[in-house]
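Take a look at the structure below.
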Amino acid sequence: MEAYKLGISKASELIHCGALTSSQLLEALLKRIELLEPHLEAWVTVDEEGARLQAERLTSEAENGRFRGALHGIPVGVKDIYYTSGVRTTMGSPLYCDFVPEVDAASILLLKEAGAIIIGKTETTEFAQADPAPTRNPWNLDHTPGGSSSGSAAAVSSGMCQAALGSQTGGSVIRPASFCGVVGVKPTYGLISKRGVYPLAWSLDHVGFFTRSVEDAALLLSALAGEEHGRPRELNGPPRIGVIRGYFHELAHEEVWRGHEQALEVLRDAGAEVLDVPLPDVFEVVPSAHRVIMASEAASVHEERFRTDPHGYRRNIRAMIAAGLMVPASTYLRALRIRGRFIEAVSAAMEGFDCLVTPSTTTPALRGLESTGNPAFNAPWSYGGFPTITVPTGLTQDGLPLGIQIVDLPLNESHMLGVAGWCEGVLNFPKEPHEPI
Amino acid sequence: MAGPVEKESLVERLLNQAASNWGLEEAESMRAVIEGIADAIIRVDSFNLEPRDEPFRAEEG
């Protein structure tokens, strides 16, 4: 098998037994990037020189029998809002086009400690909000890959790297992962440090990531949050799955909902108990509370610069900052106070279930690059801080990926990975990179 | 839940505020976002809370 097709787990096994070196793996991925980048535009910066130096060091360490961990020699892409020491970090904005941080974000340090190679910086929407990146969807170049972590999702999907960091404030990991047919993880709020990640909205921002399998996601989470969170818990049998309809059914595109029902049927046939769970009443106000917090906090992040240079920002984020500056403090506080109610209500609804599931997105990947899609199915869980994961389920008639979003209780990632692994095994979506051209 | 009149009046107020901050043309270009935030503000303000509902997540102490 060509090296770029390997998942983290297999590549790591080959590196450990000496059948593959970190440098060989990196060169395979750089070749893949050279081939695909003109079509996909997933990268802001490919740090060839820095990555080669890292790979040589890791190759030498491996030859001397020293392995840092399961990510030893694995190239990882990083969304361009993470501070990377000595590597330009643009936030997807012309305002930061020449910014070179002197330090690494906390999560970058953890990846490096685990032996990962930072191969480069991936495209993001401006400041991780809604103004699109130039990236295209590997499954159909005329469609958006989603956002805001657009480049990370496209890069992992197409085999330009085995994993990539993203971030989620509304739906910026789960949505692009689903649009691009890969696994996306948004852990519990605060589980992975956000230090060195440019904020969009402090109380909603999550570090998240993309891989092509649940097994690889577990390895990445182990490196970022510790094995107690990253090791998938074995299930005693097929899971008991709670299906939320209501809001999700109403907003879902017909083909998305049909695909969701088909996926649930497959899970049911494999032995899962699939039962409806009613939405708690508080859910009605949750999208509004999320919007109020996001606009208010983003406005606060950018207030100083915005007052003097509003046109330094593109249309969507400019309007959101302006709107956020006009939200009354009492409304912002109410939006924060509702969160506790939501967490309580969802936790109670989940009693007796292994997880809740929804479609990962309202639509398949939209045609055109003007919009990265709607985060409505993901934002509630970002608001509540619940851990979520998306697993690909199948394709639309036009060949675009669909996904199932699995929601678990806070800090229950180990269990969530166990459930997701079971679902992935049953749904059997290909884990090899998609060939975009 | 607030009615359409309340929303219309809030949208108008926010648009005026935006126009005074950033000019009329800019305010008009933000109309859709302002309508969205006005709707969100009204929904959040209409939700019944109790003093025990604190603004911080439990794990933040």
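Ordering of the structure tokens sets the chain letters (A, B, ...), residue numbers begin anew at 1 in every chain, and ligands are numbered from 1 in the order given.
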
Set the cut-off to 8 Å and count only C-alpha atoms: what are the residues of chain A that reach chain B? Output as JSON, numbers by chain. {"A": [285, 287, 288, 289, 291, 292, 319, 320, 322, 323, 326, 327, 331, 333, 334, 335, 336, 337, 338, 339, 340, 341]}

Print the selection's residues with N, CA and C atoms to a file, as a CSV table (one decimal), in the first residue's frame.
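What landed in again16.csv:
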chain,number,residue,atom,x,y,z
A,285,VAL,N,-34.5,27.4,23.0
A,285,VAL,CA,-33.8,28.7,23.1
A,285,VAL,C,-32.3,28.5,22.9
A,287,PRO,N,-30.3,27.5,20.3
A,287,PRO,CA,-29.6,28.2,19.1
A,287,PRO,C,-29.5,29.7,19.3
A,288,SER,N,-30.5,30.3,19.9
A,288,SER,CA,-30.4,31.8,20.2
A,288,SER,C,-29.4,32.1,21.2
A,289,ALA,N,-29.3,31.3,22.3
A,289,ALA,CA,-28.3,31.5,23.3
A,289,ALA,C,-26.9,31.4,22.8
A,291,ARG,N,-26.0,31.9,19.7
A,291,ARG,CA,-25.8,33.1,18.8
A,291,ARG,C,-25.4,34.3,19.6
A,292,VAL,N,-26.1,34.5,20.7
A,292,VAL,CA,-25.9,35.7,21.5
A,292,VAL,C,-24.4,35.6,22.1
A,319,ALA,N,-20.1,41.9,10.3
A,319,ALA,CA,-21.4,42.0,10.7
A,319,ALA,C,-21.7,41.4,12.1
A,320,MET,N,-21.0,40.2,12.3
A,320,MET,CA,-21.2,39.6,13.6
A,320,MET,C,-20.6,40.4,14.7
A,322,ALA,N,-20.1,43.6,14.8
A,322,ALA,CA,-20.9,44.8,14.9
A,322,ALA,C,-22.2,44.5,15.7
A,323,ALA,N,-22.8,43.3,15.4
A,323,ALA,CA,-24.0,42.9,16.1
A,323,ALA,C,-23.7,42.6,17.5
A,326,MET,N,-23.6,45.3,20.1
A,326,MET,CA,-24.9,45.9,20.5
A,326,MET,C,-25.7,45.0,21.4
A,327,VAL,N,-25.2,43.8,21.8
A,327,VAL,CA,-26.0,42.9,22.6
A,327,VAL,C,-25.9,43.4,24.1
A,331,THR,N,-28.5,40.3,28.5
A,331,THR,CA,-28.9,39.2,27.6
A,331,THR,C,-27.7,38.2,27.5
A,333,LEU,N,-25.5,37.6,29.7
A,333,LEU,CA,-25.5,36.8,31.0
A,333,LEU,C,-26.6,35.7,31.0
A,334,ARG,N,-27.8,36.1,30.5
A,334,ARG,CA,-28.9,35.2,30.5
A,334,ARG,C,-28.6,34.0,29.6
A,335,ALA,N,-27.9,34.3,28.4
A,335,ALA,CA,-27.5,33.2,27.5
A,335,ALA,C,-26.5,32.2,28.2
A,336,LEU,N,-25.7,32.8,29.0
A,336,LEU,CA,-24.7,31.9,29.8
A,336,LEU,C,-25.5,31.1,30.9
A,337,ARG,N,-26.5,31.8,31.5
A,337,ARG,CA,-27.2,31.1,32.6
A,337,ARG,C,-28.1,30.0,32.1
A,338,ILE,N,-28.6,30.1,30.8
A,338,ILE,CA,-29.4,29.0,30.3
A,338,ILE,C,-28.6,27.7,30.1
A,339,ARG,N,-27.3,27.9,29.9
A,339,ARG,CA,-26.5,26.7,29.6
A,339,ARG,C,-26.6,25.6,30.7
A,340,GLY,N,-26.6,26.0,31.9
A,340,GLY,CA,-26.7,25.0,33.0
A,340,GLY,C,-28.0,24.2,32.9
A,341,ARG,N,-29.1,24.9,32.5
A,341,ARG,CA,-30.4,24.2,32.3
A,341,ARG,C,-30.3,23.2,31.2

Pick out the residues sitting within 8 Å of Ala272 (chain A), and hand them over as a PyMOL selection string; count only C-alpha atoms, and ignore anything fewer than 5 positions along from it in its own chain. chain A and resi 238-241+267

For region 88-93 of chain A, work out the shell of residues within 9 Å, counting only C-alpha atoms and skipping chain neighbours fewer than 5 positions away, then give it as number ranges by chain. A: 44-45, 79-83, 98-101, 121, 123-128, 133, 198, 312-314

Nearby residues (only C-alpha atoms) at most 9 Å from Ile118 (chain A), same-chain spacing under 6 positions excluded, as number ranges by chain: A: 47, 50-51, 54, 74-78, 84, 108, 111-112

Which residues are near Pro232 (chain A)? Cut-off 9 Å, only C-alpha atoms, ignore same chain within fewer than 6 positions. Put them as a compact mmCIF listing (two decimals) with C-alpha atoms, in the first residue's frame.
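Result file out.txt:
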# COMPACT_ATOMS: atom_id res chain seq x y z
CA VAL A 214 -12.02 6.13 15.07
CA GLU A 215 -8.94 4.11 15.97
CA ALA A 218 -8.33 7.55 19.80
CA GLU A 413 -14.79 10.50 25.53
CA SER A 414 -13.48 7.01 26.21
CA HIS A 415 -17.02 5.64 26.10
CA MET A 416 -17.92 7.82 23.09
CA LEU A 417 -14.98 6.41 21.14
CA GLY A 418 -16.12 2.90 22.02
CA VAL A 419 -19.61 3.61 20.67
CA ALA A 420 -18.23 5.38 17.59
CA GLY A 421 -15.88 2.48 16.88
